[in-house]
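Novice: Structure file entry.txt, compact mmCIF, C-alpha atoms, is pasted below:
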# COMPACT_ATOMS: atom_id res chain seq x y z
CA MET N 53 109.55 121.82 63.26
CA VAL N 54 110.77 120.89 66.74
CA LEU N 55 107.98 118.31 67.04
CA ARG N 56 108.87 116.77 63.69
CA LYS N 57 112.52 116.44 64.66
CA LEU N 58 111.63 114.94 68.06
CA LEU N 59 109.35 112.37 66.46
CA HIS N 60 111.95 111.59 63.81
CA SER N 61 114.45 110.92 66.63
CA GLY N 62 112.05 108.42 68.20
CA HIS N 63 110.65 110.53 71.05
CA ALA N 64 107.02 110.26 72.16
CA VAL N 65 105.59 113.76 72.51
CA THR N 66 102.82 115.36 74.56
CA CYS N 67 101.77 118.90 73.61
CA LEU N 68 100.08 121.31 75.98
CA LEU N 69 97.72 123.30 73.75
CA ARG N 70 95.28 126.08 74.47
CA THR N 71 91.75 125.70 73.12
CA ALA N 72 92.50 128.71 70.90
CA SER N 73 95.82 127.33 69.62
CA ARG N 74 96.24 127.23 65.85
CA THR N 75 97.41 123.66 65.30
CA HIS N 76 97.24 123.35 61.50
CA ARG N 77 101.01 122.92 61.22
CA ILE N 78 101.03 119.89 63.55
CA ASP N 79 97.66 118.29 62.78
CA ASP N 80 99.35 115.52 60.80
CA LEU N 81 101.68 114.54 63.64
CA PRO N 82 101.13 111.61 66.05
CA VAL N 83 101.39 113.58 69.29
CA HIS N 84 99.30 113.36 72.45
CA ARG N 85 97.32 116.56 72.96
CA LEU N 86 96.54 117.97 76.36
CA LEU N 87 94.28 121.01 76.49
CA GLY N 88 95.45 123.61 78.96
CA ASP N 89 97.50 126.74 79.47
CA VAL N 90 101.03 127.26 80.73
CA ARG N 91 99.54 129.65 83.32
CA ASP N 92 97.56 126.74 84.81
CA ALA N 93 99.94 125.02 87.21
CA ALA N 94 97.77 121.90 87.53
CA LYS N 95 97.58 121.38 83.76
CA VAL N 96 101.31 121.96 83.41
CA ARG N 97 102.02 119.35 86.07
CA ALA N 98 99.62 116.86 84.46
CA GLY N 99 101.35 117.25 81.12
CA MET N 100 104.83 116.83 82.55
CA GLU N 101 104.10 113.74 84.65
CA GLY N 102 105.23 110.59 82.88
CA CYS N 103 107.62 112.53 80.62
CA ASP N 104 111.40 112.58 80.84
CA ALA N 105 111.78 116.19 79.69
CA THR N 106 109.90 119.38 78.97
CA ILE N 107 110.71 121.79 76.15
CA HIS N 108 109.23 125.12 77.22
CA MET N 109 108.39 127.08 74.05
CA ALA N 110 105.22 128.80 75.27
CA GLY N 111 105.30 132.57 74.95
CA LEU N 112 103.97 135.66 73.24
CA SER N 113 106.05 136.19 70.12
CA ALA N 114 103.77 137.99 67.66
CA TRP N 115 104.42 141.72 67.43
CA SER N 116 100.73 142.34 68.07
CA GLU N 117 101.08 140.60 71.46
CA ILE N 118 104.52 141.76 72.53
CA ASN N 119 103.14 144.52 74.77
CA SER N 120 100.25 142.41 76.08
CA PRO N 121 99.44 142.79 79.80
CA THR N 122 99.59 138.97 80.01
CA LEU N 123 103.25 138.87 78.90
CA ALA N 124 104.61 138.42 82.44
CA GLU N 125 101.97 135.81 83.31
CA VAL N 126 102.87 133.68 80.30
CA VAL N 127 106.64 134.11 80.13
CA GLU N 128 107.56 134.38 83.79
CA GLY N 129 104.57 132.77 85.50
CA GLY N 130 104.47 129.90 83.02
CA THR N 131 108.18 129.27 83.50
CA GLN N 132 107.74 129.22 87.27
CA ASN N 133 104.93 126.66 86.94
CA ILE N 134 107.14 124.38 84.86
CA LEU N 135 110.11 124.66 87.21
CA GLU N 136 107.98 123.93 90.28
CA ALA N 137 106.47 120.86 88.63
CA ALA N 138 109.91 119.62 87.55
CA ALA N 139 111.17 119.87 91.13
CA ASP N 140 108.89 116.93 92.01
CA LEU N 141 109.86 114.80 88.99
CA PRO N 142 113.15 112.89 89.42
CA ASN N 143 115.72 113.42 86.65
CA HIS N 144 113.34 115.58 84.61
CA ARG N 145 115.06 117.82 82.04
CA ILE N 146 113.90 121.34 81.18
CA ILE N 147 114.83 123.11 77.96
CA PHE N 148 113.78 126.75 78.14
CA VAL N 149 113.48 128.45 74.76
CA SER N 150 114.38 132.05 75.49
CA SER N 151 115.53 134.67 72.97
CA ALA N 152 118.65 136.45 71.80
CA ALA N 153 116.88 139.58 73.05
CA ALA N 154 117.43 138.26 76.58
CA VAL N 155 121.19 138.10 75.99
CA ASN N 156 121.67 141.81 75.32
CA GLY N 157 121.25 144.59 72.77
CA SER N 158 123.24 147.72 71.99
CA ASP N 159 123.00 151.14 70.37
CA GLU N 160 126.11 150.46 68.29
CA PRO N 161 127.13 147.18 66.59
CA GLN N 162 128.53 144.78 69.17
CA ILE N 163 128.49 140.97 69.26
CA PHE N 164 127.30 139.32 72.46
CA ASN N 165 127.75 135.76 73.72
CA GLU N 166 126.32 133.60 76.49
CA ASP N 167 128.46 135.31 79.13
CA SER N 168 127.57 138.89 78.19
CA GLN N 169 126.02 141.08 80.86
CA PHE N 170 122.40 142.13 80.29
CA THR N 171 122.52 145.92 80.39
CA LEU N 172 119.19 146.94 78.80
CA ARG N 173 117.10 149.36 80.86
CA ASP N 174 114.55 150.70 78.35
CA PRO N 175 111.07 149.78 79.71
CA GLU N 176 109.74 149.60 76.13
CA LEU N 177 111.68 146.35 75.67
CA LYS N 178 109.12 144.40 77.67
CA TYR N 179 109.68 141.10 75.84
CA ALA N 180 113.45 141.18 76.35
CA HIS N 181 113.04 141.94 80.05
CA ALA N 182 110.41 139.22 80.56
CA LYS N 183 112.59 136.59 78.90
CA HIS N 184 115.61 137.72 80.90
CA ARG N 185 113.67 137.44 84.17
CA ALA N 186 112.43 133.98 83.16
CA GLU N 187 116.03 132.96 82.51
CA ALA N 188 116.93 134.12 86.01
CA LEU N 189 114.26 131.76 87.37
CA CYS N 190 115.76 128.92 85.32
CA LEU N 191 119.31 129.59 86.46
CA SER N 192 118.20 129.78 90.08
CA ALA N 193 116.42 126.43 89.72
CA SER N 194 119.54 124.97 88.12
CA ARG N 195 121.65 126.07 91.07
CA ASN N 196 119.15 124.24 93.29
CA GLY N 197 119.67 120.99 91.40
CA LEU N 198 117.20 121.00 88.49
CA PHE N 199 118.43 120.02 85.04
CA VAL N 200 117.75 123.20 83.08
CA VAL N 201 119.25 124.26 79.76
CA ILE N 202 118.50 127.61 78.10
CA VAL N 203 118.59 128.26 74.36
CA ASN N 204 118.53 131.75 72.85
CA PRO N 205 117.39 131.83 69.21
CA GLY N 206 118.10 134.85 67.05
CA GLU N 207 115.42 136.26 64.72
CA VAL N 208 113.93 133.11 63.23
CA TYR N 209 112.93 133.03 59.54
CA GLY N 210 111.50 130.21 57.47
CA PRO N 211 108.52 128.97 55.47
CA HIS N 212 105.00 128.66 56.90
CA ASP N 213 105.25 131.74 59.13
CA ASP N 214 101.61 132.59 58.45
CA GLY N 215 101.50 134.50 61.73
CA MET N 216 103.93 136.97 60.14
CA VAL N 217 106.14 136.92 63.23
CA THR N 218 109.28 137.66 61.18
CA ALA N 219 108.07 137.08 57.63
CA GLY N 220 106.01 140.23 58.07
CA ASN N 221 109.26 142.23 57.94
CA LEU N 222 109.96 140.88 54.46
CA VAL N 223 106.40 141.58 53.33
CA ASP N 224 106.74 145.18 54.56
CA PHE N 225 109.98 145.59 52.59
CA SER N 226 108.32 144.18 49.46
CA ARG N 227 105.35 146.54 49.60
CA SER N 228 107.04 149.81 50.56
CA SER N 229 108.36 152.44 48.17
CA PRO N 230 110.66 153.84 49.27
CA VAL N 231 111.68 151.27 51.87
CA LEU N 232 112.35 153.01 55.17
CA VAL N 233 114.92 151.46 57.50
CA CYS N 234 116.70 152.56 60.66
CA ASN N 235 120.11 152.04 62.22
CA GLY N 236 119.92 148.67 63.92
CA GLY N 237 120.50 145.01 63.28
CA THR N 238 119.66 141.48 64.24
CA ASN N 239 120.79 137.91 63.97
CA VAL N 240 119.05 136.01 61.17
CA VAL N 241 118.66 132.26 61.73
CA TYR N 242 116.78 129.52 59.85
CA VAL N 243 113.89 127.76 61.57
CA ASP N 244 115.23 124.24 60.91
CA ASP N 245 118.59 125.14 62.45
CA VAL N 246 116.86 126.48 65.56
CA ALA N 247 114.88 123.24 65.84
CA ASP N 248 118.13 121.26 65.55
CA GLY N 249 119.59 123.39 68.33
CA ILE N 250 116.62 122.82 70.62
CA VAL N 251 116.74 119.05 70.13
CA GLY N 252 120.52 119.19 70.50
CA ALA N 253 120.12 120.99 73.82
CA LEU N 254 117.77 118.24 74.99
CA GLU N 255 120.18 115.48 74.00
CA ARG N 256 123.60 117.07 74.57
CA GLY N 257 123.15 120.34 76.48
CA ARG N 258 124.88 120.86 79.80
CA PRO N 259 122.68 121.81 82.77
CA GLY N 260 122.88 125.43 83.83
CA GLU N 261 124.21 126.54 80.43
CA ARG N 262 122.88 128.92 77.80
CA TYR N 263 123.27 128.27 74.08
CA ILE N 264 122.76 131.00 71.50
CA LEU N 265 121.12 129.64 68.35
CA GLY N 266 122.34 132.30 65.95
CA GLY N 267 123.09 132.48 62.27
CA GLU N 268 124.32 135.63 60.52
CA ASN N 269 124.36 139.15 61.94
CA LEU N 270 122.95 141.75 59.54
CA THR N 271 121.92 145.38 59.80
CA ILE N 272 118.29 146.21 59.04
CA ARG N 273 119.45 147.83 55.79
CA GLN N 274 121.34 144.68 54.80
CA ILE N 275 118.22 142.58 55.40
CA ALA N 276 116.12 144.97 53.31
CA ASP N 277 118.70 145.02 50.49
CA LEU N 278 118.95 141.21 50.48
CA CYS N 279 115.17 140.82 50.55
CA LEU N 280 114.70 143.20 47.61
CA GLN N 281 117.51 141.52 45.68
CA LEU N 282 115.92 138.09 46.13
CA LEU N 283 112.55 139.52 45.09
CA GLY N 284 114.09 141.11 42.00
CA ARG N 285 112.87 144.58 43.01
CA ARG N 286 114.78 147.84 42.51
CA SER N 287 113.17 149.91 45.27
CA THR N 288 114.99 152.79 46.93
CA VAL N 289 116.07 152.10 50.51
CA VAL N 290 116.22 155.14 52.78
CA THR N 291 117.92 155.04 56.17
CA LEU N 292 116.29 157.40 58.66
CA PRO N 293 118.06 158.49 61.87
CA ASN N 294 116.76 156.52 64.80
CA GLY N 295 115.58 159.64 66.59
CA VAL N 296 113.52 160.62 63.57
CA ILE N 297 111.92 157.22 63.05
CA ARG N 298 111.09 156.91 66.75
CA TRP N 299 109.46 160.35 66.72
CA VAL N 300 107.55 159.65 63.49
CA THR N 301 106.33 156.34 64.89
CA TRP N 302 105.22 157.95 68.16
CA ALA N 303 103.45 160.81 66.41
CA ALA N 304 101.71 158.60 63.83
CA THR N 305 100.43 156.09 66.38
CA ARG N 306 99.28 158.91 68.65
CA VAL N 307 96.99 160.37 65.97
CA GLY N 308 96.14 157.09 64.25
CA LEU N 309 98.02 157.59 60.98
CA PRO N 310 99.04 154.42 59.07
CA LEU N 311 102.72 153.50 58.87
CA PRO N 312 104.51 151.36 56.24
CA TYR N 313 105.88 149.17 59.06
CA ASN N 314 104.78 147.71 62.38
CA ALA N 315 105.20 150.35 65.10
CA ASP N 316 105.84 147.71 67.78
CA VAL N 317 109.04 146.69 65.95
CA ILE N 318 110.75 150.07 66.36
CA PRO N 319 112.15 149.77 69.94
CA TYR N 320 113.88 146.58 68.78
CA ALA N 321 114.75 147.54 65.20
CA THR N 322 116.58 150.67 66.39
CA ARG N 323 119.07 148.56 68.33
CA TYR N 324 121.63 145.90 67.45
CA TRP N 325 120.98 142.32 68.57
CA PHE N 326 124.18 140.75 67.28
CA VAL N 327 125.12 137.41 68.85
CA ASP N 328 127.66 134.60 68.48
CA GLY N 329 126.30 131.07 67.97
CA SER N 330 129.65 129.26 68.03
CA LYS N 331 129.10 127.61 71.43
CA ALA N 332 125.98 125.83 70.14
CA GLN N 333 127.93 124.72 67.09
CA ARG N 334 130.68 123.25 69.24
CA GLU N 335 128.61 121.62 71.97
CA LEU N 336 125.24 120.85 70.35
CA GLY N 337 126.51 119.92 66.89
CA VAL N 338 124.21 122.33 65.05
CA GLN N 339 125.24 124.19 61.90
CA PHE N 340 123.68 127.56 61.09
CA ARG N 341 122.89 128.74 57.59
CA GLY N 342 123.78 132.20 56.35
CA ALA N 343 121.18 134.90 55.77
CA ARG N 344 120.84 134.27 52.03
CA GLU N 345 120.28 130.55 52.56
CA THR N 346 117.70 131.46 55.20
CA LEU N 347 115.74 134.04 53.23
CA VAL N 348 115.63 132.19 49.88
CA PRO N 349 113.18 129.47 51.07
CA THR N 350 111.30 132.00 53.22
CA ILE N 351 110.64 134.30 50.28
CA ALA N 352 109.84 131.34 48.02
CA TRP N 353 107.09 130.34 50.48
CA LEU N 354 105.83 133.93 50.75
CA ARG N 355 105.49 133.99 46.95
CA GLU N 356 103.78 130.60 46.85
CA ALA N 357 101.35 131.68 49.59
CA GLY N 358 100.57 134.95 47.80
CA TYR N 359 102.03 137.34 50.37
CA VAL N 360 104.54 138.82 47.90
CA ALA N 361 104.60 139.01 44.13
With the file now loaded, output its structure as structure tokens.

Specialist:
Amino acid sequence: MVLRKLLHSGHAVTCLLRTASRTHRIDDLPVHRLLGDVRDAAKVRAGMEGCDATIHMAGLSAWSEINSPTLAEVVEGGTQNILEAAADLPNHRIIFVSSAAAVNGSDEPQIFNEDSQFTLRDPELKYAHAKHRAEALCLSASRNGLFVVIVNPGEVYGPHDDGMVTAGNLVDFSRSSPVLVCNGGTNVVYVDDVADGIVGALERGRPGERYILGGENLTIRQIADLCLQLLGRRSTVVTLPNGVIRWVTWAATRVGLPLPYNADVIPYATRYWFVDGSKAQRELGVQFRGARETLVPTIAWLREAGYVA
């Protein structure tokens, strides 16, 4: 979606793509393709030369990859490669697509903004820590004169998520009976609005600033209830204490028992990732849809694609 909006705005685009990249969602777009990897400093530099800006979206976002041993190489090492290349390119702009998880999370509901202190210490939150460390690299480079803007999307939902990055949560809710949830929450944001925020950061963002791209804050139970309502299902939703669901998840994965949810989600789902996107609204001109407006087209696509009935 970011590529489509860039092209619509008249930008010429080069994409750094791995040989294993699934490109079916951009195969119809007139972009220049450069085969490489964000971990390859020479390829990164070759892709950035001749461009006015780089939007750094490379990362490991699928739940199946979130604990990968290559996480640091991609998120932190890749960011370092981009920043070092930009240092040799006059007036080059960097937009780093981070995550609301790098802003902060909490055990009780609390809303964070761009100035909130990152207080997470749990080593299980590897993705949040990697993104936070990559942000530190960006802010250091900004203090040294590079034009770097950071954006922090919430939990992004929308059609065509065939990787089940977030749509998988909705599929799990639709197939479970009863639906098991925990005490936690997240910020639900629509994919088009995030794309608008990223392009807005490129065109209007201030260097050295962070912008949270966040829609509506909902508890996990509220997301499950809304999902079931939109699906027209009358399933029972059961809230388990976080200590219980963490223990059940640990025990089941240890002995290989199947779970009605993705075990890798639990360290995140049992916390609150509530954020305030008002700064991006004010400065980048982006408007964020509410959760219902976000999930309606997402579920419609899931039905059309056969993932839910």

Novice: Can you measure atom CA of His108 of chain N to atom CA of Thr271 of chain N for me? One decimal in Å is fine.

Specialist: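 A separation of 29.6 Å between them.
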
Novice: From the list N:Arg334, N:Arg355, N:His212, N:Arg97, which residue is nearest Met53 of chain N when using all atoms listed in the file?

Specialist: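 Closest to Met53 of chain N of all the choices is N:His212.
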
Novice: Using all atoms listed in the file, I'd like a table of the residues in segment 183-294 of chain N that come within 10 Å of segment 311-329 of chain N; for each, show the closest atom pair and its distance in Å rounded to one decimal, ordered by chain and ascending number, as JSON lines.

Specialist:
{"residue": "N:Asn204", "atom": "CA", "partner": "N:Gly329", "partner_atom": "CA", "distance": 9.2}
{"residue": "N:Pro205", "atom": "CA", "partner": "N:Gly329", "partner_atom": "CA", "distance": 9.0}
{"residue": "N:Gly206", "atom": "CA", "partner": "N:Val327", "partner_atom": "CA", "distance": 7.7}
{"residue": "N:Glu207", "atom": "CA", "partner": "N:Trp325", "partner_atom": "CA", "distance": 9.1}
{"residue": "N:Gly220", "atom": "CA", "partner": "N:Asn314", "partner_atom": "CA", "distance": 8.7}
{"residue": "N:Asn221", "atom": "CA", "partner": "N:Tyr313", "partner_atom": "CA", "distance": 7.8}
{"residue": "N:Val223", "atom": "CA", "partner": "N:Tyr313", "partner_atom": "CA", "distance": 9.5}
{"residue": "N:Asp224", "atom": "CA", "partner": "N:Tyr313", "partner_atom": "CA", "distance": 6.1}
{"residue": "N:Phe225", "atom": "CA", "partner": "N:Tyr313", "partner_atom": "CA", "distance": 8.5}
{"residue": "N:Arg227", "atom": "CA", "partner": "N:Pro312", "partner_atom": "CA", "distance": 8.2}
{"residue": "N:Ser228", "atom": "CA", "partner": "N:Pro312", "partner_atom": "CA", "distance": 6.4}
{"residue": "N:Ser229", "atom": "CA", "partner": "N:Pro312", "partner_atom": "CA", "distance": 9.0}
{"residue": "N:Pro230", "atom": "CA", "partner": "N:Pro312", "partner_atom": "CA", "distance": 9.6}
{"residue": "N:Val231", "atom": "CA", "partner": "N:Pro312", "partner_atom": "CA", "distance": 8.4}
{"residue": "N:Leu232", "atom": "CA", "partner": "N:Pro312", "partner_atom": "CA", "distance": 8.1}
{"residue": "N:Val233", "atom": "CA", "partner": "N:Ala321", "partner_atom": "CA", "distance": 8.6}
{"residue": "N:Cys234", "atom": "CA", "partner": "N:Thr322", "partner_atom": "CA", "distance": 6.0}
{"residue": "N:Asn235", "atom": "CA", "partner": "N:Thr322", "partner_atom": "CA", "distance": 5.6}
{"residue": "N:Gly236", "atom": "CA", "partner": "N:Arg323", "partner_atom": "CA", "distance": 4.5}
{"residue": "N:Gly237", "atom": "CA", "partner": "N:Tyr324", "partner_atom": "CA", "distance": 4.4}
{"residue": "N:Thr238", "atom": "CA", "partner": "N:Trp325", "partner_atom": "CA", "distance": 4.6}
{"residue": "N:Asn239", "atom": "CA", "partner": "N:Phe326", "partner_atom": "CA", "distance": 5.5}
{"residue": "N:Val240", "atom": "CA", "partner": "N:Phe326", "partner_atom": "CA", "distance": 9.3}
{"residue": "N:Val241", "atom": "CA", "partner": "N:Gly329", "partner_atom": "CA", "distance": 9.9}
{"residue": "N:Tyr263", "atom": "CA", "partner": "N:Gly329", "partner_atom": "CA", "distance": 7.4}
{"residue": "N:Ile264", "atom": "CA", "partner": "N:Gly329", "partner_atom": "CA", "distance": 5.0}
{"residue": "N:Leu265", "atom": "CA", "partner": "N:Gly329", "partner_atom": "CA", "distance": 5.4}
{"residue": "N:Gly266", "atom": "CA", "partner": "N:Gly329", "partner_atom": "CA", "distance": 4.6}
{"residue": "N:Gly267", "atom": "CA", "partner": "N:Gly329", "partner_atom": "CA", "distance": 6.7}
{"residue": "N:Glu268", "atom": "CA", "partner": "N:Phe326", "partner_atom": "CA", "distance": 8.5}
{"residue": "N:Asn269", "atom": "CA", "partner": "N:Phe326", "partner_atom": "CA", "distance": 5.6}
{"residue": "N:Leu270", "atom": "CA", "partner": "N:Phe326", "partner_atom": "CA", "distance": 7.9}
{"residue": "N:Thr271", "atom": "CA", "partner": "N:Tyr324", "partner_atom": "CA", "distance": 7.7}
{"residue": "N:Ile272", "atom": "CA", "partner": "N:Ala321", "partner_atom": "CA", "distance": 7.2}
{"residue": "N:Pro293", "atom": "CA", "partner": "N:Thr322", "partner_atom": "CA", "distance": 9.2}
{"residue": "N:Asn294", "atom": "CA", "partner": "N:Thr322", "partner_atom": "CA", "distance": 6.1}

Novice: Excluding Lys95 of chain N and any residue of its chain fewer than 3 positions from it, enumerate the residues within 12 Å of it, using all atoms listed in the file, and give them as an NGL selection string.

Specialist: :N and (67-70 or 85-92 or 98-101 or 130 or 133-134 or 137)

Novice: For Asp244 of chain N, find every residue with an atom within 8 Å (counting all atoms listed in the file), except residues of its own chain fewer than 2 positions away, and show them as an MDAnalysis selection string.

Specialist: chainID N and resid 53 210 242 246:248

Novice: For Trp353 of chain N, find every residue with an atom within 8 Å (counting only C-alpha atoms), except residues of its own chain fewer than 4 positions away, and show them as a CSV table (one decimal) with C-alpha atoms, in the coordinates of the input.

Specialist:
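What ended up in around-v2.csv:
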chain,number,residue,atom,x,y,z
N,211,PRO,CA,108.5,129.0,55.5
N,212,HIS,CA,105.0,128.7,56.9
N,349,PRO,CA,113.2,129.5,51.1
N,357,ALA,CA,101.4,131.7,49.6

Novice: Please provide as JSON, numbers by chain all residues within 7 Å of Val200 of chain N, with the sequence filter that same-chain residues fewer than 3 positions apart are discarded (counting only C-alpha atoms).

Specialist: {"N": [145, 146, 147, 190, 194, 259, 260]}

Novice: What's around Glu187 of chain N at 12 Å? Count all atoms listed in the file, leave out sequence neighbours fewer than 3 positions away in its own chain, and write the answer as JSON, numbers by chain.

Specialist: {"N": [108, 127, 128, 129, 130, 131, 132, 135, 146, 147, 148, 149, 150, 151, 152, 153, 154, 155, 166, 170, 180, 181, 182, 183, 184, 190, 191, 192, 193, 194, 200, 201, 202, 203, 204, 260, 261, 262]}

Novice: Could you list, with a cut-off of 12 Å and counting all atoms listed in the file, the residues of segment 62-130 of chain N near segment 172-179 of chain N, each shown with its nearest atom pair and the distance in Å rounded to one decimal, rows sorted by chain and ascending number, as a tab-separated table?

Specialist:
residue	atom	partner	partner_atom	distance
N:Gly111	CA	N:Tyr179	CA	9.6
N:Leu112	CA	N:Tyr179	CA	8.3
N:Ser113	CA	N:Tyr179	CA	8.4
N:Ala114	CA	N:Tyr179	CA	10.6
N:Trp115	CA	N:Tyr179	CA	9.9
N:Ser116	CA	N:Tyr179	CA	11.9
N:Glu117	CA	N:Tyr179	CA	9.7
N:Ile118	CA	N:Tyr179	CA	6.2
N:Asn119	CA	N:Lys178	CA	6.6
N:Ser120	CA	N:Lys178	CA	9.2
N:Pro121	CA	N:Lys178	CA	10.0
N:Thr122	CA	N:Tyr179	CA	11.1
N:Leu123	CA	N:Tyr179	CA	7.5
N:Ala124	CA	N:Tyr179	CA	8.7
N:Glu125	CA	N:Tyr179	CA	12.0
N:Val126	CA	N:Tyr179	CA	11.0
N:Val127	CA	N:Tyr179	CA	8.7
N:Glu128	CA	N:Tyr179	CA	10.6

Novice: Any idea what the distance is between atom CA of Arg285 of chain N and atom CA of Arg298 of chain N?

Specialist: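 Between these atoms lies a distance of 26.8 Å.
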
Novice: Could you model N, CA and C atoms for segment 299-320 of chain N and present them as an mmCIF file, in the frame of the given file?

Specialist:
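selection_9.cif written:
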data_model
loop_
_atom_site.group_PDB
_atom_site.id
_atom_site.type_symbol
_atom_site.label_atom_id
_atom_site.label_comp_id
_atom_site.auth_asym_id
_atom_site.auth_seq_id
_atom_site.Cartn_x
_atom_site.Cartn_y
_atom_site.Cartn_z
ATOM 1 N N TRP N 299 110.413 159.263 66.581
ATOM 2 C CA TRP N 299 109.460 160.350 66.720
ATOM 3 C C TRP N 299 108.297 160.189 65.748
ATOM 4 N N VAL N 300 108.603 159.838 64.488
ATOM 5 C CA VAL N 300 107.550 159.650 63.490
ATOM 6 C C VAL N 300 106.597 158.540 63.925
ATOM 7 N N THR N 301 107.160 157.455 64.444
ATOM 8 C CA THR N 301 106.330 156.340 64.890
ATOM 9 C C THR N 301 105.434 156.761 66.048
ATOM 10 N N TRP N 302 106.003 157.482 67.007
ATOM 11 C CA TRP N 302 105.220 157.950 68.160
ATOM 12 C C TRP N 302 104.105 158.880 67.706
ATOM 13 N N ALA N 303 104.443 159.828 66.846
ATOM 14 C CA ALA N 303 103.450 160.810 66.410
ATOM 15 C C ALA N 303 102.339 160.150 65.600
ATOM 16 N N ALA N 304 102.710 159.238 64.685
ATOM 17 C CA ALA N 304 101.710 158.600 63.830
ATOM 18 C C ALA N 304 100.760 157.717 64.639
ATOM 19 N N THR N 305 101.299 156.958 65.580
ATOM 20 C CA THR N 305 100.430 156.090 66.380
ATOM 21 C C THR N 305 99.554 156.912 67.323
ATOM 22 N N ARG N 306 100.057 158.068 67.737
ATOM 23 C CA ARG N 306 99.280 158.910 68.650
ATOM 24 C C ARG N 306 98.027 159.465 67.976
ATOM 25 N N VAL N 307 98.140 159.791 66.683
ATOM 26 C CA VAL N 307 96.990 160.370 65.970
ATOM 27 C C VAL N 307 96.315 159.369 65.034
ATOM 28 N N GLY N 308 96.806 158.124 65.029
ATOM 29 C CA GLY N 308 96.140 157.090 64.250
ATOM 30 C C GLY N 308 96.470 157.070 62.773
ATOM 31 N N LEU N 309 97.623 157.626 62.383
ATOM 32 C CA LEU N 309 98.020 157.590 60.980
ATOM 33 C C LEU N 309 98.668 156.254 60.639
ATOM 34 N N PRO N 310 98.434 155.702 59.448
ATOM 35 C CA PRO N 310 99.040 154.420 59.070
ATOM 36 C C PRO N 310 100.541 154.577 58.818
ATOM 37 N N LEU N 311 101.274 153.543 59.108
ATOM 38 C CA LEU N 311 102.720 153.500 58.870
ATOM 39 C C LEU N 311 103.052 152.344 57.935
ATOM 40 N N PRO N 312 104.118 152.458 57.139
ATOM 41 C CA PRO N 312 104.510 151.360 56.240
ATOM 42 C C PRO N 312 105.315 150.272 56.948
ATOM 43 N N TYR N 313 105.186 150.183 58.266
ATOM 44 C CA TYR N 313 105.880 149.170 59.060
ATOM 45 C C TYR N 313 105.106 149.029 60.370
ATOM 46 N N ASN N 314 105.442 147.963 61.101
ATOM 47 C CA ASN N 314 104.780 147.710 62.380
ATOM 48 C C ASN N 314 105.432 148.565 63.464
ATOM 49 N N ALA N 315 104.656 149.433 64.100
ATOM 50 C CA ALA N 315 105.200 150.350 65.100
ATOM 51 C C ALA N 315 105.826 149.627 66.285
ATOM 52 N N ASP N 316 105.312 148.445 66.627
ATOM 53 C CA ASP N 316 105.840 147.710 67.780
ATOM 54 C C ASP N 316 107.258 147.208 67.555
ATOM 55 N N VAL N 317 107.692 147.176 66.283
ATOM 56 C CA VAL N 317 109.040 146.690 65.950
ATOM 57 C C VAL N 317 110.103 147.719 66.314
ATOM 58 N N ILE N 318 109.753 149.000 66.321
ATOM 59 C CA ILE N 318 110.750 150.070 66.360
ATOM 60 C C ILE N 318 111.670 150.039 67.578
ATOM 61 N N PRO N 319 111.194 149.813 68.820
ATOM 62 C CA PRO N 319 112.150 149.770 69.940
ATOM 63 C C PRO N 319 113.222 148.692 69.768
ATOM 64 N N TYR N 320 112.916 147.647 69.019
ATOM 65 C CA TYR N 320 113.880 146.580 68.780
ATOM 66 C C TYR N 320 114.709 146.842 67.531
#
